[in-house]
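Enquirer: Structure file final.cif (mmCIF, C-alpha atoms) is given on the next line.
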data_work
loop_
_atom_site.group_PDB
_atom_site.id
_atom_site.type_symbol
_atom_site.label_atom_id
_atom_site.label_comp_id
_atom_site.auth_asym_id
_atom_site.auth_seq_id
_atom_site.Cartn_x
_atom_site.Cartn_y
_atom_site.Cartn_z
ATOM 1 C CA MET A 1 176.758 84.466 18.815
ATOM 2 C CA THR A 2 175.243 86.195 21.808
ATOM 3 C CA ALA A 3 174.565 84.345 25.006
ATOM 4 C CA ALA A 4 170.991 84.214 26.261
ATOM 5 C CA LEU A 5 170.446 86.494 29.184
ATOM 6 C CA PRO A 6 168.968 84.983 32.333
ATOM 7 C CA PRO A 7 165.327 85.887 32.956
ATOM 8 C CA ILE A 8 164.816 89.096 34.875
ATOM 9 C CA GLN A 9 163.672 88.311 38.378
ATOM 10 C CA PRO A 10 161.270 90.881 39.752
ATOM 11 C CA THR A 11 161.607 92.252 43.209
ATOM 12 C CA PRO A 12 158.970 91.221 45.771
ATOM 13 C CA ASP A 13 157.259 94.608 45.354
ATOM 14 C CA SER A 14 156.901 94.167 41.608
ATOM 15 C CA LEU A 15 155.313 90.729 42.078
ATOM 16 C CA ARG A 16 152.195 92.533 43.228
ATOM 17 C CA ASP A 17 152.331 95.003 40.315
ATOM 18 C CA THR A 18 149.788 93.384 38.031
ATOM 19 C CA GLY A 19 150.630 95.523 35.021
ATOM 20 C CA ALA A 20 154.343 94.787 35.194
ATOM 21 C CA MET A 21 153.713 91.065 35.675
ATOM 22 C CA ALA A 22 151.334 90.910 32.755
ATOM 23 C CA GLN A 23 153.640 92.895 30.504
ATOM 24 C CA GLN A 24 156.653 90.777 31.342
ATOM 25 C CA TYR A 25 155.170 87.264 31.332
ATOM 26 C CA ARG A 26 152.021 87.454 29.208
ATOM 27 C CA PRO A 27 153.746 86.893 25.827
ATOM 28 C CA ARG A 28 155.506 83.747 27.072
ATOM 29 C CA LEU A 29 152.302 82.375 28.604
ATOM 30 C CA MET A 30 150.276 83.160 25.483
ATOM 31 C CA ARG A 31 152.809 81.265 23.306
ATOM 32 C CA TYR A 32 152.691 78.324 25.669
ATOM 33 C CA PHE A 33 148.899 78.128 25.713
ATOM 34 C CA ARG A 34 148.479 78.774 21.961
ATOM 35 C CA ASN A 35 150.791 75.820 21.292
ATOM 36 C CA HIS A 36 148.606 73.557 23.436
ATOM 37 C CA LEU A 37 145.073 74.857 22.904
ATOM 38 C CA GLY A 38 142.803 75.238 19.919
ATOM 39 C CA THR A 39 141.748 78.854 20.213
ATOM 40 C CA VAL A 40 143.284 82.197 21.032
ATOM 41 C CA GLU A 41 140.351 82.869 23.365
ATOM 42 C CA ASP A 42 141.206 79.808 25.470
ATOM 43 C CA ALA A 43 144.856 80.871 25.524
ATOM 44 C CA GLU A 44 143.808 84.344 26.717
ATOM 45 C CA ASP A 45 141.616 82.868 29.447
ATOM 46 C CA LEU A 46 144.300 80.575 30.813
ATOM 47 C CA THR A 47 146.977 83.261 30.584
ATOM 48 C CA GLN A 48 144.831 85.580 32.641
ATOM 49 C CA GLU A 49 143.994 82.818 35.123
ATOM 50 C CA THR A 50 147.698 82.012 35.522
ATOM 51 C CA LEU A 51 148.566 85.627 36.316
ATOM 52 C CA VAL A 52 145.612 85.972 38.687
ATOM 53 C CA ARG A 53 146.624 82.848 40.604
ATOM 54 C CA MET A 54 150.161 84.167 40.915
ATOM 55 C CA MET A 55 148.896 87.515 42.217
ATOM 56 C CA ARG A 56 146.603 85.854 44.761
ATOM 57 C CA ASP A 57 149.219 83.444 46.071
ATOM 58 C CA PRO A 58 150.314 84.656 49.512
ATOM 59 C CA GLN A 59 153.622 82.747 49.105
ATOM 60 C CA ALA A 60 154.468 84.407 45.762
ATOM 61 C CA ASP A 61 156.912 86.835 47.402
ATOM 62 C CA LYS A 62 159.076 83.890 48.456
ATOM 63 C CA VAL A 63 159.411 82.417 44.939
ATOM 64 C CA ASN A 64 162.990 82.394 43.616
ATOM 65 C CA ASN A 65 162.206 81.805 39.932
ATOM 66 C CA VAL A 66 158.968 83.567 39.012
ATOM 67 C CA GLU A 67 158.924 82.373 35.413
ATOM 68 C CA ALA A 68 159.293 78.724 36.443
ATOM 69 C CA TYR A 69 156.566 79.175 39.035
ATOM 70 C CA LEU A 70 154.245 80.754 36.458
ATOM 71 C CA MET A 71 154.929 77.906 34.028
ATOM 72 C CA THR A 72 154.105 75.390 36.785
ATOM 73 C CA ILE A 73 150.792 77.161 37.365
ATOM 74 C CA ALA A 74 150.201 77.225 33.599
ATOM 75 C CA GLY A 75 150.940 73.502 33.285
ATOM 76 C CA ASN A 76 148.552 72.701 36.120
ATOM 77 C CA LEU A 77 145.818 74.832 34.560
ATOM 78 C CA LEU A 78 146.356 73.139 31.205
ATOM 79 C CA ARG A 79 146.157 69.703 32.831
ATOM 80 C CA ASP A 80 142.960 70.726 34.625
ATOM 81 C CA ARG A 81 141.500 71.969 31.340
ATOM 82 C CA TYR A 82 142.300 68.683 29.567
ATOM 83 C CA ARG A 83 140.726 66.678 32.383
ATOM 84 C CA ARG A 84 137.629 68.851 32.400
ATOM 85 C CA ASP A 85 137.278 68.688 28.625
ATOM 86 C CA ARG A 86 137.700 64.903 28.640
ATOM 87 C CA THR A 87 135.107 64.495 31.389
ATOM 88 C CA ARG A 88 132.630 66.744 29.585
ATOM 89 C CA HIS A 89 133.361 65.165 26.182
ATOM 90 C CA VAL A 90 134.104 68.572 24.705
ATOM 91 C CA GLY A 91 135.446 67.015 21.503
ATOM 92 C CA GLN A 92 131.974 65.693 20.760
ATOM 93 C CA HIS A 93 130.239 69.043 21.167
ATOM 94 C CA VAL A 94 128.836 70.635 18.052
ATOM 95 C CA PRO A 95 128.177 74.378 17.930
ATOM 96 C CA ILE A 96 124.466 75.086 18.041
ATOM 97 C CA ASP A 97 124.677 77.240 14.919
ATOM 98 C CA GLU A 98 125.617 74.184 12.867
ATOM 99 C CA ASN A 99 122.617 72.194 14.105
ATOM 100 C CA THR A 100 119.942 74.865 13.873
ATOM 101 C CA GLU A 101 120.776 76.233 10.459
ATOM 102 C CA GLY A 102 117.693 76.048 8.270
ATOM 103 C CA TRP A 103 115.270 75.551 11.137
ATOM 104 C CA PRO A 104 112.140 77.644 10.924
ATOM 105 C CA THR A 105 112.267 80.677 13.138
ATOM 106 C CA GLU A 106 109.443 82.426 14.837
ATOM 107 C CA THR A 107 108.917 85.872 13.468
ATOM 108 C CA VAL A 108 106.837 88.337 15.365
ATOM 109 C CA CYS A 109 104.111 89.688 13.191
ATOM 110 C CA GLY A 110 101.431 92.215 13.976
ATOM 111 C CA GLU A 111 98.729 89.566 13.993
ATOM 112 C CA ARG A 112 100.555 87.436 16.559
ATOM 113 C CA VAL A 113 101.119 90.432 18.823
ATOM 114 C CA TYR A 114 97.444 91.337 18.526
ATOM 115 C CA GLN A 115 96.335 87.758 19.369
ATOM 116 C CA ASP A 116 98.641 87.612 22.380
ATOM 117 C CA ARG A 117 97.344 90.945 23.623
ATOM 118 C CA GLU A 118 93.780 89.714 23.277
ATOM 119 C CA ARG A 119 94.622 86.526 25.211
ATOM 120 C CA LEU A 120 96.227 88.570 27.989
ATOM 121 C CA GLN A 121 93.195 90.880 28.190
ATOM 122 C CA LEU A 122 90.869 87.862 28.393
ATOM 123 C CA PHE A 123 93.000 86.298 31.140
ATOM 124 C CA LEU A 124 92.978 89.527 33.154
ATOM 125 C CA LYS A 125 89.206 89.827 32.757
ATOM 126 C CA VAL A 126 88.682 86.238 33.924
ATOM 127 C CA LEU A 127 91.057 86.889 36.840
ATOM 128 C CA ASP A 128 89.032 89.955 37.812
ATOM 129 C CA ASP A 129 85.854 87.831 37.783
ATOM 130 C CA LEU A 130 87.224 85.663 40.624
ATOM 131 C CA PRO A 131 86.152 86.450 44.182
ATOM 132 C CA PRO A 132 88.820 88.505 46.009
ATOM 133 C CA ARG A 133 90.050 85.695 48.321
ATOM 134 C CA CYS A 134 90.202 83.202 45.454
ATOM 135 C CA GLN A 135 92.073 85.737 43.325
ATOM 136 C CA GLN A 136 94.507 86.438 46.164
ATOM 137 C CA VAL A 137 95.245 82.740 46.728
ATOM 138 C CA PHE A 138 95.749 82.150 42.996
ATOM 139 C CA LEU A 139 98.160 85.082 42.629
ATOM 140 C CA LEU A 140 100.143 84.188 45.736
ATOM 141 C CA HIS A 141 100.608 80.626 44.537
ATOM 142 C CA ARG A 142 101.129 81.095 40.803
ATOM 143 C CA TYR A 143 102.912 84.447 40.659
ATOM 144 C CA GLU A 144 104.594 84.743 44.029
ATOM 145 C CA GLY A 145 105.514 81.044 44.116
ATOM 146 C CA MET A 146 104.268 80.534 47.661
ATOM 147 C CA THR A 147 103.345 77.097 48.968
ATOM 148 C CA TYR A 148 99.835 76.311 50.136
ATOM 149 C CA ALA A 149 101.072 76.196 53.743
ATOM 150 C CA ALA A 150 102.727 79.618 53.437
ATOM 151 C CA ILE A 151 99.584 81.098 51.886
ATOM 152 C CA ALA A 152 97.446 79.586 54.652
ATOM 153 C CA SER A 153 99.737 81.053 57.288
ATOM 154 C CA GLN A 154 99.815 84.486 55.667
ATOM 155 C CA LEU A 155 96.056 84.698 55.150
ATOM 156 C CA GLY A 156 95.113 83.034 58.456
ATOM 157 C CA ILE A 157 93.158 80.203 56.817
ATOM 158 C CA SER A 158 93.607 76.446 56.671
ATOM 159 C CA VAL A 159 95.623 74.641 54.019
ATOM 160 C CA SER A 160 92.409 72.909 53.005
ATOM 161 C CA ALA A 161 90.787 76.297 52.370
ATOM 162 C CA VAL A 162 93.758 77.299 50.195
ATOM 163 C CA GLU A 163 93.399 74.062 48.204
ATOM 164 C CA LYS A 164 89.679 74.702 47.690
ATOM 165 C CA GLN A 165 90.309 78.295 46.556
ATOM 166 C CA MET A 166 92.969 77.107 44.068
ATOM 167 C CA MET A 167 90.614 74.427 42.699
ATOM 168 C CA ARG A 168 87.902 77.035 42.323
ATOM 169 C CA ALA A 169 90.279 79.382 40.466
ATOM 170 C CA LEU A 170 91.578 76.659 38.163
ATOM 171 C CA LEU A 171 88.077 75.459 37.315
ATOM 172 C CA HIS A 172 87.040 79.055 36.639
ATOM 173 C CA PHE A 173 89.984 79.597 34.276
ATOM 174 C CA GLY A 174 89.430 76.231 32.614
ATOM 175 C CA THR A 175 85.831 76.928 31.754
ATOM 176 C CA ARG A 176 86.153 80.610 30.889
ATOM 177 C CA LEU A 177 89.338 80.472 28.827
ATOM 178 C CA GLU A 178 88.306 77.450 26.745
ATOM 179 C CA GLN A 179 85.253 79.271 25.385
ATOM 180 C CA PRO A 180 85.768 80.773 21.909
#
Starting from the file, give its structure as structure tokens.

Expert:
Amino acid sequence: MTAALPPIQPTPDSLRDTGAMAQQYRPRLMRYFRNHLGTVEDAEDLTQETLVRMMRDPQADKVNNVEAYLMTIAGNLLRDRYRRDRTRHVGQHVPIDENTEGWPTETVCGERVYQDRERLQLFLKVLDDLPPRCQQVFLLHRYEGMTYAAIASQLGISVSAVEKQMMRALLHFGTRLEQP
């Protein structure tokens, strides 16, 4: 029988060598997380997070037993994951693919594209029919997302005037776009 060798303790310089750390401790961390988690992807994520936290820890150079410290980080991450999953009721989640199977899907056909193009052309024509100030107010509010007060300030008009211009534009669109 051979005696187990003590874990190799890296020098302080090699603690900052990400490649060496990952190569040395990744297999152990992966085994640990795979034994406690459902998927390899989750194990990969937490393994990477464990190594990143070790690398970012300014006190890491002072650690006597790196493997024990990494396993403490791993245990804390695992505990955090369990708490988060319990709070979010992850066990009750159902993948969307299972729920949407068989639902009708929207397929883009030439006729639909043609109808949408016609609707856009009609909208642009109706927009062009608006007086310039009314058109400007409508575009600033609906497409730039500006408030009435901001539009009033930018154009040097009252908020009431902005409201009237918007009402005029909306009435214009309502009457012109409803016609067949």

Enquirer: State, in Å with one decimal place, the distance from CA of Thr47 (chain A) to CA of Ala74 (chain A).

Expert: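 Pair CA of Thr47 (chain A) / CA of Ala74 (chain A) returns 7.5 Å.
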
Enquirer: Mind checking which residues fall within 12 Å of region 113-122 of chain A, counting all atoms listed in the file, ignoring those fewer than 5 positions away in the same chain, and posting them as a ChimeraX atom specification?

Expert: /A:107-108,127-129,173,176-180

Enquirer: Can you turn the PyMOL selection byres ((chain A and resi 49-57) around 7) into a concrete residue list for this file, as a ChimeraX atom specification?

Expert: /A:16,22,45-48,58-60,70,73-74

Enquirer: How far is it from CA of Val137 (chain A) to CA of Met166 (chain A), in Å with one decimal?

Expert: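 Atom-to-atom, CA of Val137 (chain A) to CA of Met166 (chain A), that is 6.6 Å.
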
Enquirer: So what do you get for CA of Leu29 (chain A) versus CA of Glu44 (chain A), distance-wise?

Expert: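 Interatomic distance, CA of Leu29 (chain A) to CA of Glu44 (chain A): 8.9 Å.
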
Enquirer: So what does the PyMOL selection byres ((chain A and resi 31) around 12) actually pick up in this one, as a VMD selection string?

Expert: chain A and resid 25 to 30 32 to 37 39 to 40 42 to 44 46 to 47 71 74

Enquirer: Which centre and which edge lengths, in Å to one decimal, describe the axis-aligned box that holds all listed atoms of region 136-141 of chain A after 5 Å is added on each side, as AutoDock Vina command-line options?

Expert:
--center_x 97.6 --center_y 83.5 --center_z 44.7 --size_x 16.1 --size_y 15.8 --size_z 14.1

Enquirer: Which of these, A:Val94, A:Ala152, A:Arg84, A:Met21, has the shortest distance to Glu67 (chain A) once you count all atoms listed in the file?

Expert: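 Smallest separation from Glu67 (chain A) among the options: A:Met21.
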
Enquirer: I'd like to know which of A:Leu78, A:Ile96, A:Leu155, A:Ala169 is closest to Arg142 (chain A), using all atoms listed in the file.

Expert: A:Ala169

Enquirer: Which is closest to Phe138 (chain A) among A:Gln165, A:Thr100, A:Asn76, A:Thr175, if we use all atoms listed in the file?

Expert: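 Smallest distance to Phe138 (chain A) is found for A:Gln165.
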
Enquirer: Evaluated on this file, the PyMOL selection byres ((chain A and resi 161) around 12) picks out some residues - which ones are they, written as a ChimeraX atom specification?

Expert: /A:133-134,137,148-149,151-153,155-160,162-168

Enquirer: Model the absent atoms of region 103-133 of chain A so that N, CA and C atoms are present, and write the result as a short mmCIF file (atom, residue, chain, number, x, y, z; two decimals), keeping the file's coordinate frame.

Expert:
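Produced file selection.cif, reproduced below:
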data_model
loop_
_atom_site.label_atom_id
_atom_site.label_comp_id
_atom_site.auth_asym_id
_atom_site.auth_seq_id
_atom_site.Cartn_x
_atom_site.Cartn_y
_atom_site.Cartn_z
N TRP A 103 116.48 75.77 10.35
CA TRP A 103 115.27 75.55 11.14
C TRP A 103 114.35 76.75 10.97
N PRO A 104 113.06 76.50 11.01
CA PRO A 104 112.14 77.64 10.92
C PRO A 104 112.26 78.50 12.18
N THR A 105 112.19 79.77 12.00
CA THR A 105 112.27 80.68 13.14
C THR A 105 110.92 81.35 13.33
N GLU A 106 110.69 81.75 14.54
CA GLU A 106 109.44 82.43 14.84
C GLU A 106 109.63 83.91 14.60
N THR A 107 108.85 84.44 13.71
CA THR A 107 108.92 85.87 13.47
C THR A 107 107.69 86.51 14.11
N VAL A 108 107.92 87.63 14.71
CA VAL A 108 106.84 88.34 15.36
C VAL A 108 106.14 89.19 14.31
N CYS A 109 104.88 88.89 14.14
CA CYS A 109 104.11 89.69 13.19
C CYS A 109 103.02 90.42 13.96
N GLY A 110 102.45 91.39 13.34
CA GLY A 110 101.43 92.22 13.98
C GLY A 110 100.24 91.39 14.44
N GLU A 111 99.87 90.39 13.64
CA GLU A 111 98.73 89.57 13.99
C GLU A 111 99.00 88.77 15.26
N ARG A 112 100.20 88.22 15.37
CA ARG A 112 100.56 87.44 16.56
C ARG A 112 100.56 88.32 17.81
N VAL A 113 101.10 89.51 17.69
CA VAL A 113 101.12 90.43 18.82
C VAL A 113 99.69 90.77 19.23
N TYR A 114 98.84 91.00 18.25
CA TYR A 114 97.44 91.34 18.53
C TYR A 114 96.74 90.18 19.23
N GLN A 115 96.96 88.93 18.75
CA GLN A 115 96.34 87.76 19.37
C GLN A 115 96.81 87.57 20.80
N ASP A 116 98.11 87.76 21.03
CA ASP A 116 98.64 87.61 22.38
C ASP A 116 98.08 88.68 23.31
N ARG A 117 97.93 89.88 22.81
CA ARG A 117 97.34 90.94 23.62
C ARG A 117 95.90 90.63 23.99
N GLU A 118 95.17 90.10 23.02
CA GLU A 118 93.78 89.71 23.28
C GLU A 118 93.70 88.61 24.33
N ARG A 119 94.60 87.61 24.24
CA ARG A 119 94.62 86.53 25.21
C ARG A 119 94.94 87.05 26.61
N LEU A 120 95.88 87.99 26.70
CA LEU A 120 96.23 88.57 27.99
C LEU A 120 95.04 89.34 28.56
N GLN A 121 94.36 90.12 27.73
CA GLN A 121 93.20 90.88 28.19
C GLN A 121 92.09 89.95 28.69
N LEU A 122 91.88 88.83 27.98
CA LEU A 122 90.87 87.86 28.39
C LEU A 122 91.26 87.24 29.74
N PHE A 123 92.53 86.88 29.89
CA PHE A 123 93.00 86.30 31.14
C PHE A 123 92.78 87.27 32.30
N LEU A 124 93.15 88.53 32.09
CA LEU A 124 92.98 89.53 33.15
C LEU A 124 91.51 89.73 33.50
N LYS A 125 90.64 89.68 32.51
CA LYS A 125 89.21 89.83 32.76
C LYS A 125 88.69 88.65 33.57
N VAL A 126 89.10 87.43 33.19
CA VAL A 126 88.68 86.24 33.92
C VAL A 126 89.24 86.28 35.35
N LEU A 127 90.46 86.75 35.51
CA LEU A 127 91.06 86.89 36.84
C LEU A 127 90.25 87.87 37.68
N ASP A 128 89.84 88.97 37.08
CA ASP A 128 89.03 89.96 37.81
C ASP A 128 87.67 89.41 38.22
N ASP A 129 87.16 88.42 37.47
CA ASP A 129 85.85 87.83 37.78
C ASP A 129 85.91 86.93 39.02
N LEU A 130 87.09 86.52 39.44
CA LEU A 130 87.22 85.66 40.62
C LEU A 130 86.89 86.45 41.89
N PRO A 131 86.35 85.78 42.89
CA PRO A 131 86.15 86.45 44.18
C PRO A 131 87.51 86.90 44.74
N PRO A 132 87.55 87.95 45.53
CA PRO A 132 88.82 88.50 46.01
C PRO A 132 89.73 87.48 46.70
N ARG A 133 89.21 86.66 47.61
CA ARG A 133 90.05 85.70 48.32
C ARG A 133 90.61 84.65 47.36
#
